[in-house]
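Participant: Sending over final22.cif (mmCIF, C-alpha atoms and all ligand atoms).
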data_upload
loop_
_atom_site.group_PDB
_atom_site.id
_atom_site.type_symbol
_atom_site.label_atom_id
_atom_site.label_comp_id
_atom_site.auth_asym_id
_atom_site.auth_seq_id
_atom_site.Cartn_x
_atom_site.Cartn_y
_atom_site.Cartn_z
ATOM 1 C CA LEU A 1 0.000 0.000 0.000
ATOM 2 C CA LEU A 2 2.649 2.500 1.030
ATOM 3 C CA CYS A 3 6.263 2.584 0.067
ATOM 4 C CA CYS A 4 8.859 3.789 2.446
ATOM 5 C CA GLY A 5 6.452 5.733 4.635
ATOM 6 C CA TRP A 6 4.593 4.831 7.770
ATOM 7 C CA LYS A 7 3.426 1.260 7.831
ATOM 8 C CA SER A 8 -0.270 0.574 7.844
ATOM 9 C CA GLU A 9 -1.277 -0.829 11.204
ATOM 10 C CA GLY A 10 -3.507 -3.584 12.380
ATOM 11 C CA GLY A 11 -3.021 -6.310 9.804
ATOM 12 C CA THR A 12 -0.746 -9.339 9.690
ATOM 13 C CA THR A 13 2.818 -8.329 10.572
ATOM 14 C CA PRO A 14 4.725 -7.594 7.327
ATOM 15 C CA ASN A 15 7.364 -10.202 6.443
ATOM 16 C CA LEU A 16 5.676 -12.659 8.813
ATOM 17 C CA LYS A 17 7.117 -15.726 7.081
ATOM 18 C CA SER A 18 10.704 -14.470 7.185
ATOM 19 C CA ILE A 19 10.352 -13.417 10.818
ATOM 20 C CA VAL A 20 8.856 -16.741 11.936
ATOM 21 C CA ILE A 21 11.402 -18.878 10.117
ATOM 22 C CA GLY A 22 14.277 -16.534 11.040
ATOM 23 C CA ARG A 23 13.390 -16.435 14.736
ATOM 24 C CA CYS A 24 13.010 -20.203 14.743
ATOM 25 C CA TYR A 25 16.502 -20.680 13.275
ATOM 26 C CA ASN A 26 17.873 -18.076 15.676
ATOM 27 C CA TYR A 27 16.392 -19.995 18.600
ATOM 28 C CA ILE A 28 17.662 -23.430 17.603
ATOM 29 C CA THR A 29 21.055 -22.146 16.451
ATOM 30 C CA LEU A 30 22.058 -19.471 18.961
ATOM 31 C CA ILE A 31 19.674 -19.437 21.914
ATOM 32 C CA ASN A 32 19.077 -23.106 22.606
ATOM 33 C CA PRO A 33 21.397 -25.171 20.363
ATOM 34 C CA THR A 34 20.429 -28.461 21.978
ATOM 35 C CA PHE A 35 16.907 -27.986 20.692
ATOM 36 C CA ARG A 36 15.945 -29.856 17.525
ATOM 37 C CA CYS A 37 13.202 -28.473 15.337
ATOM 38 C CA ASP A 38 12.338 -28.316 11.640
ATOM 39 C CA CYS A 39 11.732 -24.585 11.186
ATOM 40 C CA GLU A 40 10.412 -24.867 7.624
ATOM 41 C CA GLU A 41 7.900 -27.407 8.884
ATOM 42 C CA VAL A 42 6.852 -25.039 11.698
ATOM 43 C CA TRP A 43 5.962 -22.432 9.092
ATOM 44 C CA ARG A 44 4.162 -24.959 6.912
ATOM 45 C CA LEU A 45 1.975 -26.212 9.777
ATOM 46 C CA PHE A 46 1.370 -22.665 11.008
ATOM 47 C CA GLU A 47 0.268 -21.481 7.563
ATOM 48 C CA GLU A 48 -1.904 -24.568 7.199
ATOM 49 C CA ALA A 49 -3.668 -23.716 10.474
ATOM 50 C CA VAL A 50 -4.304 -20.042 9.725
ATOM 51 C CA ALA A 51 -4.413 -19.218 6.040
ATOM 52 C CA PRO A 52 -7.328 -21.389 4.901
ATOM 53 C CA ARG A 53 -9.608 -20.157 7.702
ATOM 54 C CA SER A 54 -11.408 -16.852 7.977
ATOM 55 C CA SER A 55 -10.011 -14.343 10.415
ATOM 56 C CA CYS A 56 -12.243 -15.178 13.397
ATOM 57 C CA SER A 57 -12.299 -18.933 13.221
ATOM 58 C CA VAL A 58 -8.961 -20.411 14.229
ATOM 59 C CA GLN A 59 -9.198 -22.552 17.338
ATOM 60 C CA GLU A 60 -6.553 -23.919 19.671
ATOM 61 C CA LYS A 61 -6.903 -27.369 18.145
ATOM 62 C CA ASP A 62 -6.042 -26.021 14.691
ATOM 63 C CA TYR A 63 -2.500 -25.429 15.955
ATOM 64 C CA GLN A 64 -2.207 -28.918 17.381
ATOM 65 C CA GLU A 65 0.083 -30.264 14.660
ATOM 66 C CA MET A 66 2.369 -27.256 14.881
ATOM 67 C CA PHE A 67 2.592 -27.561 18.659
ATOM 68 C CA SER A 68 3.409 -31.235 18.327
ATOM 69 C CA ILE A 69 6.739 -30.393 16.686
ATOM 70 C CA MET A 70 7.503 -27.502 19.104
ATOM 71 C CA PRO A 71 7.780 -29.190 22.506
ATOM 72 C CA GLN A 72 7.552 -26.794 25.470
ATOM 73 C CA ASN A 73 9.166 -28.910 28.140
ATOM 74 C CA SER A 74 11.033 -26.394 30.255
ATOM 75 C CA PRO A 75 13.231 -27.588 33.083
ATOM 76 C CA CYS A 76 12.113 -26.798 36.596
ATOM 77 C CA HIS A 77 13.627 -23.357 36.944
ATOM 78 C CA GLN A 78 11.959 -20.146 37.976
ATOM 79 C CA PHE A 79 8.826 -19.695 35.947
ATOM 80 C CA LEU A 80 7.661 -16.136 35.454
ATOM 81 C CA PHE A 81 4.090 -15.187 34.587
ATOM 82 C CA TRP A 82 2.940 -11.664 33.911
ATOM 83 C CA SER A 83 -0.216 -9.739 33.179
ATOM 84 C CA LYS A 84 -0.263 -6.120 31.959
ATOM 85 C CA THR A 85 3.378 -5.774 32.951
ATOM 86 C CA ARG A 86 5.275 -6.310 29.693
ATOM 87 C CA TRP A 87 7.937 -3.672 30.323
ATOM 88 C CA THR A 88 8.655 -4.982 33.823
ATOM 89 C CA MET A 89 8.788 -8.554 32.546
ATOM 90 C CA GLU A 90 11.258 -7.639 29.807
ATOM 91 C CA ALA A 91 13.516 -5.661 32.153
ATOM 92 C CA TYR A 92 13.345 -8.339 34.850
ATOM 93 C CA THR A 93 14.132 -11.252 32.524
ATOM 94 C CA THR A 94 16.987 -9.353 30.871
ATOM 95 C CA LEU A 95 18.707 -8.842 34.207
ATOM 96 C CA MET A 96 17.770 -11.875 36.273
ATOM 97 C CA GLU A 97 19.315 -15.163 35.335
ATOM 98 C CA ARG A 98 17.389 -18.396 35.143
ATOM 99 C CA VAL A 99 13.989 -16.726 35.013
ATOM 100 C CA HIS A 100 11.881 -18.512 32.486
ATOM 101 C CA THR A 101 8.904 -16.962 30.676
ATOM 102 C CA LEU A 102 6.705 -18.255 27.901
ATOM 103 C CA GLU A 103 8.728 -15.990 25.608
ATOM 104 C CA ASP A 104 11.799 -18.136 26.379
ATOM 105 C CA THR A 105 10.183 -21.236 24.898
ATOM 106 C CA LEU A 106 10.451 -21.815 21.144
ATOM 107 C CA VAL A 107 6.809 -21.075 20.412
ATOM 108 C CA GLY A 108 6.746 -17.981 22.625
ATOM 109 C CA TYR A 109 10.006 -16.713 21.172
ATOM 110 C CA VAL A 110 8.900 -17.217 17.567
ATOM 111 C CA PHE A 111 5.479 -15.553 17.856
ATOM 112 C CA ASN A 112 6.185 -12.834 20.455
ATOM 113 C CA GLN A 113 4.339 -9.624 19.491
ATOM 114 C CA LEU A 114 3.440 -10.802 16.003
ATOM 115 C CA VAL A 115 -0.022 -10.338 14.495
ATOM 116 C CA TRP A 116 -1.657 -12.592 11.944
ATOM 117 C CA CYS A 117 -5.024 -13.535 10.499
ATOM 118 C CA GLY A 118 -6.612 -14.930 7.365
ATOM 119 C CA HIS A 119 -9.007 -12.905 5.243
ATOM 120 C CA GLN A 120 -12.268 -11.948 6.878
ATOM 121 C CA GLN A 121 -14.947 -13.149 4.528
ATOM 122 C CA HIS A 122 -14.203 -15.976 2.171
ATOM 123 C CA THR A 123 -11.306 -18.305 2.489
ATOM 124 C CA GLY A 124 -9.261 -17.932 -0.629
ATOM 125 C CA GLY A 125 -6.272 -18.590 1.579
ATOM 126 C CA GLY A 126 -3.369 -16.396 2.512
ATOM 127 C CA PHE A 127 -2.868 -13.826 5.243
ATOM 128 C CA ASP A 128 -4.615 -10.472 5.497
ATOM 129 C CA PHE A 129 -1.858 -7.850 5.663
ATOM 130 C CA ASP A 130 -4.313 -4.939 5.683
ATOM 131 C CA SER A 131 -6.415 -5.601 8.746
ATOM 132 C CA CYS A 132 -7.070 -8.138 11.464
ATOM 133 C CA PRO A 133 -9.941 -8.132 13.949
ATOM 134 C CA GLU A 134 -9.568 -7.075 17.572
ATOM 135 C CA TRP A 135 -9.305 -9.960 20.040
ATOM 136 C CA SER A 136 -12.441 -8.740 21.771
ATOM 137 C CA THR A 137 -14.547 -9.054 18.628
ATOM 138 C CA CYS A 138 -13.887 -12.740 18.033
ATOM 139 C CA PRO A 139 -13.440 -15.617 20.470
ATOM 140 C CA ASP A 140 -11.591 -17.759 17.944
ATOM 141 C CA HIS A 141 -9.021 -15.114 17.064
ATOM 142 C CA PRO A 142 -5.973 -16.793 15.480
ATOM 143 C CA VAL A 143 -3.523 -14.903 17.711
ATOM 144 C CA SER A 144 -5.329 -15.370 21.019
ATOM 145 C CA SER A 145 -5.988 -19.050 20.229
ATOM 146 C CA LEU A 146 -2.294 -19.696 19.740
ATOM 147 C CA TRP A 147 -1.411 -17.929 23.001
ATOM 148 C CA ARG A 148 -4.160 -19.737 24.912
ATOM 149 C CA GLN A 149 -2.696 -23.078 23.859
ATOM 150 C CA ALA A 150 0.913 -21.989 24.433
ATOM 151 C CA SER A 151 0.040 -20.494 27.832
ATOM 152 C CA GLN A 152 -1.798 -23.632 28.889
ATOM 153 C CA ASN A 153 1.121 -25.880 27.929
ATOM 154 C CA PHE A 154 3.546 -23.561 29.706
ATOM 155 C CA ALA A 155 1.522 -23.337 32.930
ATOM 156 C CA GLU A 156 0.904 -27.093 33.019
ATOM 157 C CA THR A 157 4.632 -27.725 33.201
ATOM 158 C CA ALA A 158 5.331 -25.012 35.795
ATOM 159 C CA CYS A 159 7.068 -26.324 38.882
ATOM 160 C CA GLY A 160 9.094 -25.155 41.857
ATOM 161 C CA ASN A 161 8.879 -21.489 42.718
ATOM 162 C CA ILE A 162 6.885 -19.388 40.320
ATOM 163 C CA THR A 163 6.614 -15.613 40.155
ATOM 164 C CA VAL A 164 3.671 -13.569 38.888
ATOM 165 C CA LEU A 165 4.159 -9.886 37.968
ATOM 166 C CA LEU A 166 0.957 -7.860 38.332
ATOM 167 C CA ASN A 167 0.239 -4.196 37.621
ATOM 168 C CA GLY A 168 -0.828 -2.236 40.703
ATOM 169 C CA SER A 169 -1.585 0.903 38.689
ATOM 170 C CA ILE A 170 -4.710 -0.497 37.071
ATOM 171 C CA HIS A 171 -8.088 -1.750 38.169
ATOM 172 C CA SER A 172 -8.494 -5.524 37.909
ATOM 173 C CA ALA A 173 -4.769 -6.223 38.044
ATOM 174 C CA PHE A 174 -5.950 -9.802 38.367
ATOM 175 C CA ASN A 175 -8.470 -10.099 35.538
ATOM 176 C CA ARG A 176 -10.408 -13.313 35.022
ATOM 177 C CA ASP A 177 -10.542 -12.558 31.279
ATOM 178 C CA SER A 178 -6.785 -12.205 30.831
ATOM 179 C CA MET A 179 -4.594 -15.104 29.720
ATOM 180 C CA PHE A 180 -3.174 -15.335 33.202
ATOM 181 C CA GLY A 181 -6.587 -15.278 34.878
ATOM 182 C CA SER A 182 -8.418 -17.510 32.422
ATOM 183 C CA VAL A 183 -5.791 -19.999 31.268
ATOM 184 C CA GLU A 184 -2.546 -20.005 33.215
ATOM 185 C CA LEU A 185 -3.921 -19.912 36.755
ATOM 186 C CA ASN A 186 -6.264 -22.823 36.049
ATOM 187 C CA SER A 187 -3.452 -24.858 34.511
ATOM 188 C CA LEU A 188 -1.015 -24.587 37.422
ATOM 189 C CA ASN A 189 -0.633 -27.768 39.396
ATOM 190 C CA PRO A 190 -0.449 -27.274 43.180
ATOM 191 C CA ARG A 191 1.423 -30.570 43.550
ATOM 192 C CA MET A 192 4.210 -29.374 41.244
ATOM 193 C CA VAL A 193 4.380 -25.761 42.394
ATOM 194 C CA GLU A 194 6.298 -25.079 45.588
ATOM 195 C CA TYR A 195 5.371 -21.411 46.061
ATOM 196 C CA VAL A 196 3.530 -18.753 44.078
ATOM 197 C CA HIS A 197 5.280 -15.420 44.597
ATOM 198 C CA LEU A 198 3.075 -12.509 43.587
ATOM 199 C CA LYS A 199 4.841 -9.224 42.894
ATOM 200 C CA VAL A 200 2.712 -6.130 42.468
ATOM 201 C CA VAL A 201 4.419 -3.326 40.582
ATOM 202 C CA SER A 202 2.969 0.179 40.239
ATOM 203 C CA ASN A 203 4.200 3.092 38.155
ATOM 204 C CA LEU A 204 6.638 5.243 40.146
ATOM 205 C CA ARG A 205 4.215 8.174 40.089
ATOM 206 C CA GLY A 206 1.160 5.975 40.542
ATOM 207 C CA PRO A 207 -1.731 5.694 40.378
ATOM 208 C CA PHE A 208 -1.598 3.238 43.272
ATOM 209 C CA ILE A 209 -4.809 1.334 42.768
ATOM 210 C CA GLU A 210 -4.256 -2.276 43.760
ATOM 211 C CA SER A 211 -1.902 -4.038 46.153
ATOM 212 C CA CYS A 212 -1.513 -7.301 48.020
ATOM 213 C CA SER A 213 -4.273 -6.152 50.348
ATOM 214 C CA ARG A 214 -6.441 -4.150 47.963
ATOM 215 C CA GLY A 215 -8.581 -4.925 44.922
ATOM 216 C CA SER A 216 -8.626 -7.977 42.690
ATOM 217 C CA ILE A 217 -5.279 -9.275 43.972
ATOM 218 C CA VAL A 218 -7.042 -10.162 47.213
ATOM 219 C CA ASP A 219 -9.359 -12.372 45.138
ATOM 220 C CA LEU A 220 -6.373 -14.010 43.458
ATOM 221 C CA ILE A 221 -4.816 -14.796 46.834
ATOM 222 C CA HIS A 222 -8.103 -16.313 47.941
ATOM 223 C CA ILE A 223 -8.216 -18.546 44.849
ATOM 224 C CA LEU A 224 -4.609 -19.657 45.390
ATOM 225 C CA GLN A 225 -5.352 -20.504 48.995
ATOM 226 C CA THR A 226 -8.505 -22.430 48.127
ATOM 227 C CA ARG A 227 -6.647 -24.478 45.539
ATOM 228 C CA GLY A 228 -3.939 -25.378 48.022
ATOM 229 C CA PHE A 229 -1.028 -23.259 46.809
ATOM 230 C CA ARG A 230 1.508 -21.779 49.161
ATOM 231 C CA TRP A 231 2.039 -18.119 48.299
ATOM 232 C CA THR A 232 3.722 -14.826 49.123
ATOM 233 C CA CYS A 233 2.817 -11.339 47.923
ATOM 234 C CA THR A 234 5.152 -8.329 47.710
ATOM 235 C CA ASP A 235 4.040 -4.776 47.023
ATOM 236 C CA ASN A 236 7.363 -3.022 46.734
ATOM 237 C CA ASP A 237 9.936 -5.464 45.453
ATOM 238 C CA LEU A 238 13.264 -3.670 45.701
ATOM 239 C CA ASN A 239 14.727 -5.274 42.561
ATOM 240 C CA LEU A 240 11.751 -4.153 40.494
ATOM 241 C CA LYS A 241 11.922 -0.680 42.015
ATOM 242 C CA MET A 242 15.578 -0.425 41.025
ATOM 243 C CA LEU A 243 14.746 -1.375 37.446
ATOM 244 C CA GLN A 244 12.108 1.356 37.346
ATOM 245 C CA CYS A 245 14.626 3.841 38.753
ATOM 246 C CA ILE A 246 17.172 2.950 36.081
ATOM 247 C CA ARG A 247 14.574 3.918 33.500
ATOM 248 C CA ASP A 248 13.508 7.048 35.370
ATOM 249 C CA PRO A 249 16.340 8.139 37.696
ATOM 250 C CA GLN A 250 14.944 11.680 38.088
ATOM 251 C CA ASP A 251 11.779 10.488 39.776
ATOM 252 C CA ALA A 252 11.549 11.802 43.336
ATOM 253 C CA SER A 253 11.085 8.313 44.758
ATOM 254 C CA CYS A 254 14.405 7.304 43.204
ATOM 255 C CA GLN A 255 16.433 9.918 45.060
ATOM 256 C CA THR A 256 16.709 7.883 48.260
ATOM 257 C CA CYS A 257 17.526 4.275 48.892
ATOM 258 C CA SER A 258 14.065 3.203 49.976
HETATM 259 N N1 LIG B 1 4.257 -12.534 23.975
HETATM 260 C C1 LIG B 1 3.033 -12.347 23.519
HETATM 261 O O1 LIG B 1 2.858 -11.743 22.482
HETATM 262 C C2 LIG B 1 1.876 -12.903 24.296
HETATM 263 C C3 LIG B 1 2.088 -13.600 25.470
HETATM 264 C C4 LIG B 1 0.604 -12.696 23.841
HETATM 265 C C5 LIG B 1 -0.453 -13.203 24.602
HETATM 266 C C6 LIG B 1 -0.203 -13.915 25.776
HETATM 267 N N2 LIG B 1 1.059 -14.117 26.195
HETATM 268 C C7 LIG B 1 1.333 -14.877 27.443
HETATM 269 S S1 LIG B 1 -0.097 -15.044 28.440
HETATM 270 C C8 LIG B 1 2.367 -14.246 28.358
HETATM 271 O O2 LIG B 1 3.532 -15.021 28.293
HETATM 272 C C9 LIG B 1 1.910 -14.180 29.825
HETATM 273 O O3 LIG B 1 2.409 -15.247 30.616
HETATM 274 C C10 LIG B 1 0.450 -14.183 29.848
HETATM 275 C C11 LIG B 1 -0.011 -12.810 29.904
HETATM 276 O O4 LIG B 1 -1.250 -12.651 29.341
HETATM 277 P P1 LIG B 1 -2.326 -11.708 29.992
HETATM 278 O O5 LIG B 1 -2.584 -12.111 31.407
HETATM 279 O O6 LIG B 1 -3.518 -11.714 29.098
HETATM 280 O O7 LIG B 1 -1.604 -10.309 30.024
HETATM 281 P P2 LIG B 1 -1.677 -9.142 29.009
HETATM 282 O O8 LIG B 1 -0.611 -8.173 29.421
HETATM 283 O O9 LIG B 1 -3.074 -8.625 28.948
HETATM 284 O O10 LIG B 1 -1.356 -9.757 27.579
HETATM 285 C C12 LIG B 1 -0.049 -10.178 27.242
HETATM 286 C C13 LIG B 1 0.251 -9.788 25.825
HETATM 287 O O11 LIG B 1 -0.777 -10.286 24.999
HETATM 288 C C14 LIG B 1 0.251 -8.295 25.569
HETATM 289 O O12 LIG B 1 1.504 -7.716 25.812
HETATM 290 C C15 LIG B 1 -0.120 -8.255 24.098
HETATM 291 O O13 LIG B 1 1.026 -8.503 23.316
HETATM 292 C C16 LIG B 1 -1.049 -9.394 23.948
HETATM 293 N N3 LIG B 1 -2.463 -8.994 24.048
HETATM 294 C C17 LIG B 1 -3.249 -9.121 25.133
HETATM 295 N N4 LIG B 1 -4.501 -8.700 24.873
HETATM 296 C C18 LIG B 1 -4.511 -8.295 23.584
HETATM 297 C C19 LIG B 1 -3.206 -8.491 23.049
HETATM 298 N N5 LIG B 1 -2.902 -8.219 21.780
HETATM 299 C C20 LIG B 1 -3.873 -7.698 20.995
HETATM 300 N N6 LIG B 1 -5.140 -7.501 21.411
HETATM 301 C C21 LIG B 1 -5.494 -7.770 22.704
HETATM 302 N N7 LIG B 1 -6.768 -7.558 23.105
#
I need this file expressed as structure tokens, please.
Facilitator:
Amino acid sequence: LLCCGWKSEGGTTPNLKSIVIGRCYNYITLINPTFRCDCEEVWRLFEEAVAPRSSCSVQEKDYQEMFSIMPQNSPCHQFLFWSKTRWTMEAYTTLMERVHTLEDTLVGYVFNQLVWCGHQQHTGGGFDFDSCPEWSTCPDHPVSSLWRQASQNFAETACGNITVLLNGSIHSAFNRDSMFGSVELNSLNPRMVEYVHLKVVSNLRGPFIESCSRGSIVDLIHILQTRGFRWTCTDNDLNLKMLQCIRDPQDASCQTCS
């Protein structure tokens, strides 16, 4: 549509095929060289799941074949879950060793932040690079379906100590409609998980809306307790605060060591 100007937004990510295959090779070559995977086959099975279907009708099961060649068996190190805290998650995982997120698995790494969908009406095949529907307007959205399946697989294998990063500057920090609230929490196994460590992180200048003792996080703690998880909850994790202060050293709350 446009050459060399601003990209049009909202459709399938441009160069999707090159990005998917390239990230896959990057993962198996440089990030996790012990991992075996046929990256061309990943693309083929992905395209086969998405392209023939209209943009609101790709279900988790349609990705089944692709998932079968992308095993998600992570060793039992520190699993990290997050909801509405992408920046914090990225900063935290960059600096902390042995913290494992869905984005560290092959499928999470390959599809992180990509957008894709088939054409809306008929099914002549191919991807729609001009526009894709919002998640909220279709339950069988091709992107959310893939993440639901990936998130379920990831949470089912979670073991040991797991950490959950939640956003204290919003209402419903724990949202039953989010991936964490609707998929991951239900897939955690209390017999495999030692402790659930909740960390609530608010913007330095607020607003300070939810905390370990306020709002939806209280409900989350109640659910964890009922399901037999051991848990802790921290409102002002010093490591997270320091990361925020590296980004924003001028903030008044970063002028003292507290
Ligand atoms: N890496 C990703 O692109 C991605 C990762 C996308 C969706 C889910 N995940 C998993 S689920 C992630 O590893 C976390 O463990 C889980 C967080 O999901 P959440 O609780 O729903 O939290 P969130 O912050 O609302 O969503 C996470 C990411 O999903 C966002 O950063 C967006 O990239 C994407 N997303 C969520 N809702 C929408 C959306 N993208 C487009 N439209 C939406 N309505």
Participant: Given the file above and the PyMOL selection byres (((chain A and resi 165) around 12) and not hetatm), which residues are selected, and can you give them as a PyMOL selection string?
Facilitator: chain A and resi 79-93+101+162-164+166-168+173-174+180+196-202+211-212+217+233-237+240
Participant: Please produce an output containing C-alpha atoms for each residue in the selection, written as a short mmCIF file (atom, residue, chain, number, x, y, z; two decimals), in the frame of the given file.
Facilitator:
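File written: selection23.cif
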data_model
loop_
_atom_site.label_atom_id
_atom_site.label_comp_id
_atom_site.auth_asym_id
_atom_site.auth_seq_id
_atom_site.Cartn_x
_atom_site.Cartn_y
_atom_site.Cartn_z
CA PHE A 79 8.83 -19.70 35.95
CA LEU A 80 7.66 -16.14 35.45
CA PHE A 81 4.09 -15.19 34.59
CA TRP A 82 2.94 -11.66 33.91
CA SER A 83 -0.22 -9.74 33.18
CA LYS A 84 -0.26 -6.12 31.96
CA THR A 85 3.38 -5.77 32.95
CA ARG A 86 5.28 -6.31 29.69
CA TRP A 87 7.94 -3.67 30.32
CA THR A 88 8.65 -4.98 33.82
CA MET A 89 8.79 -8.55 32.55
CA GLU A 90 11.26 -7.64 29.81
CA ALA A 91 13.52 -5.66 32.15
CA TYR A 92 13.34 -8.34 34.85
CA THR A 93 14.13 -11.25 32.52
CA THR A 101 8.90 -16.96 30.68
CA ILE A 162 6.88 -19.39 40.32
CA THR A 163 6.61 -15.61 40.16
CA VAL A 164 3.67 -13.57 38.89
CA LEU A 166 0.96 -7.86 38.33
CA ASN A 167 0.24 -4.20 37.62
CA GLY A 168 -0.83 -2.24 40.70
CA ALA A 173 -4.77 -6.22 38.04
CA PHE A 174 -5.95 -9.80 38.37
CA PHE A 180 -3.17 -15.34 33.20
CA VAL A 196 3.53 -18.75 44.08
CA HIS A 197 5.28 -15.42 44.60
CA LEU A 198 3.08 -12.51 43.59
CA LYS A 199 4.84 -9.22 42.89
CA VAL A 200 2.71 -6.13 42.47
CA VAL A 201 4.42 -3.33 40.58
CA SER A 202 2.97 0.18 40.24
CA SER A 211 -1.90 -4.04 46.15
CA CYS A 212 -1.51 -7.30 48.02
CA ILE A 217 -5.28 -9.28 43.97
CA CYS A 233 2.82 -11.34 47.92
CA THR A 234 5.15 -8.33 47.71
CA ASP A 235 4.04 -4.78 47.02
CA ASN A 236 7.36 -3.02 46.73
CA ASP A 237 9.94 -5.46 45.45
CA LEU A 240 11.75 -4.15 40.49
#
Participant: What residues come out when you apply the PyMOL selection byres (((not hetatm)) within 9 of (chain B and resi 1)) to this file, written as an NGL selection string?
Facilitator: :A and (80-87 or 101-103 or 108-109 or 111-115 or 133-136 or 143-144 or 146-148 or 150-152 or 154-155 or 164 or 166 or 174-184)
Participant: Report, in Å to a single decimal, how far apart CA of Val50 in chain A and CA of Phe127 in chain A are.
Facilitator: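 Atom-to-atom, CA of Phe127 in chain A and CA of Val50 in chain A are spaced 7.8 Å apart.
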Participant: Tell me which protein, DNA and RNA residues are within 10 Å of Asn203 in chain A, counting only C-alpha atoms, leaving out same-chain ones fewer than 4 positions away, and put them as a ChimeraX atom specification.
Facilitator: /A:167-170,207-208,241,244
Participant: Print the selection's residues with C-alpha atoms to a file, as a PDB file, in the frame of the given file.
Facilitator:
ATOM      1  CA  ASN A 167       0.239  -4.196  37.621  1.00  0.00           C
ATOM      2  CA  GLY A 168      -0.828  -2.236  40.703  1.00  0.00           C
ATOM      3  CA  SER A 169      -1.585   0.903  38.689  1.00  0.00           C
ATOM      4  CA  ILE A 170      -4.710  -0.497  37.071  1.00  0.00           C
ATOM      5  CA  PRO A 207      -1.731   5.694  40.378  1.00  0.00           C
ATOM      6  CA  PHE A 208      -1.598   3.238  43.272  1.00  0.00           C
ATOM      7  CA  LYS A 241      11.922  -0.680  42.015  1.00  0.00           C
ATOM      8  CA  GLN A 244      12.108   1.356  37.346  1.00  0.00           C
TER       9      GLN A 244
END
Participant: Taking all atoms listed in the file into account, which of A:His119, A:Arg53, A:Arg227, A:Arg214 comes nearest Asn186 in chain A?
Facilitator: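 Of the candidates, the smallest distance to Asn186 in chain A is held by A:Arg227.
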Participant: Ranking A:Ser57, A:Thr29, A:Ser131, A:Ser18 by minimum distance to Trp43 in chain A and counting all atoms listed in the file, which one comes first?
Facilitator: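 Closest to Trp43 in chain A, using all atoms listed in the file: A:Ser18.
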Participant: How many Å separate CA of Glu47 in chain A from CA of Ala158 in chain A?
Facilitator: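 CA of Glu47 in chain A sits 28.9 Å away from CA of Ala158 in chain A.
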Participant: If the PyMOL selection byres (((chain A and resi 20) around 10) and not hetatm) is run on the structure shown, which residues does it catch, given as a ChimeraX atom specification?
Facilitator: /A:15-19,21-26,39-40,42-43,46,107,109-112,114
Participant: Near Gln78 in chain A, within 6 Å and counting only C-alpha atoms, which residues show up once chain neighbours fewer than 6 positions away are dropped, as an MDAnalysis selection string?
Facilitator: chainID A and resid 99:100 161:162
Participant: List the spatial neighbours of Gln120 in chain A as a list in words - criterion: any atom at most 12 Å away, only C-alpha atoms, same-chain residues fewer than 4 positions off excluded.
Facilitator: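 The contact residues come out as Gly11, Val50, Ala51, Pro52, Arg53, Ser54, Ser55, Cys56, Ser57, Val58, Trp116, Gly124, Gly125, Gly126, Phe127, Asp128, Phe129, Asp130, Ser131, Cys132, Pro133, Cys138, His141 and Pro142 of chain A.
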Participant: Report the distance between CA of Met192 in chain A and CA of Glu156 in chain A in Å, rounded to one decimal place.
Facilitator: 9.2 Å
Participant: Choose the residue, out of A:Leu204, A:Tyr63, A:Ile223, A:Gly215, that has the smallest atom-to-atom separation from Gln255 in chain A; count only C-alpha atoms.
Facilitator: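 Under the stated criterion, the closest residue is A:Leu204.
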